[in-house]
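Trainee: One structure is given below, represented as structure tokens, and several questions about it will come after.
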Amino acid sequence: APERTLVLVKPDGVRRGLSGEILRRIEAKGYTLTAVELKNATPEVLAAHYAEHEGKPFYAPLVEFMLSGPVLAVVAEGQGVIAGFRSLAGATDPTAALPGTIRGDLGRDWGLKVQQNLVHGSDSVESAEREIGLWFPAL
Ligand code: CMP
């Protein structure tokens, strides 16, 4: 089966009208979009999605931010898409992210207590399959 990853356009990206631009970059790279759905996150899905961050200082503000508006949940497919999307996304901190990346071109530090960094991308095959199951139970 081809490699898959879960991408989320976070509430800051949706609010700023960047969903199309972010999807465009994924498609321009040559990956295939296999699912795209605007969703409201729930505390249950976020608790599972961010289980590895529970207890970190940014955990509560992160969950609150992710509940602040809809997210665009995306499954993208293609050889090397997990590492490839993380490369397209750029570094977690949008101030440090290089120009040419989604976060480097479109994001910046808003001085808030959580990184509002426009996108999430799975970091391994195991997380990708787990996260796709959380956001798209039918897939
Ligand atoms: P994401 O890829 O969704 O995974 C965890 C998120 O937590 C991350 O993107 C950022 O939005 C946020 N995050 C990670 N590290 C920090 C940090 N040091 N301070 C604030 N927010 C962070």
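Ligands are numbered from 1 in the order shown, chains are lettered A, B, ... in the order of the structure tokens, and residues start at 1 in each chain.
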Check every protein, DNA and RNA residue against ligand 1, keep those with an atom at most 12 Å away (counting only C-alpha atoms and all ligand atoms), and present them as a ChimeraX atom specification.

Mentor: /A:6-13,46-47,49-66,71,85-86,89-94,103,107,109-124,127-128,131

Trainee: Report as CSV: every residue of range 53-127 of chain A with an atom at most 9 Å from range 27-36 of chain A, its closest pair of atoms, and their distance in Å to one decimal, counting only C-alpha atoms, with rows sorted by chain and ascending residue number.

Mentor:
residue,atom,partner,partner_atom,distance
A:Leu72,CA,A:Val36,CA,6.8
A:Ala73,CA,A:Val36,CA,5.7
A:Val74,CA,A:Val36,CA,4.5
A:Val75,CA,A:Ala35,CA,5.0
A:Ala76,CA,A:Leu33,CA,4.6
A:Glu77,CA,A:Thr32,CA,5.1
A:Gly78,CA,A:Tyr31,CA,5.2
A:Gln79,CA,A:Tyr31,CA,8.1
A:Val81,CA,A:Tyr31,CA,7.1
A:Gly84,CA,A:Lys29,CA,8.8
A:Leu88,CA,A:Lys29,CA,8.7

Trainee: Which residue, A:Leu67, A:Ile82, A:Leu23, A:Leu106, has the smallest gap to Glu37 in chain A when you use only C-alpha atoms?

Mentor: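 With only C-alpha atoms as the atom set, the closest residue is A:Leu23.
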
Trainee: Any idea what the distance is between CA of Gly69 in chain A and CA of Glu3 in chain A?

Mentor: 28.9 Å

Trainee: Between CA of Arg4 in chain A and CA of Ala48 in chain A, what is the spacing in Å?

Mentor: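 So the answer is 19.0 Å.
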
Trainee: Give the alpha helix (DSSP H) residues of range 12-89 of chain A, as assigned by DSSP on the backbone, as JSON, numbers by chain.

Mentor: {"A": [12, 13, 14, 15, 19, 20, 21, 22, 23, 24, 25, 26, 27, 28, 43, 44, 45, 46, 47, 48, 49, 59, 60, 61, 62, 63, 64, 65, 66, 81, 82, 83, 84, 85, 86, 87, 88, 89]}
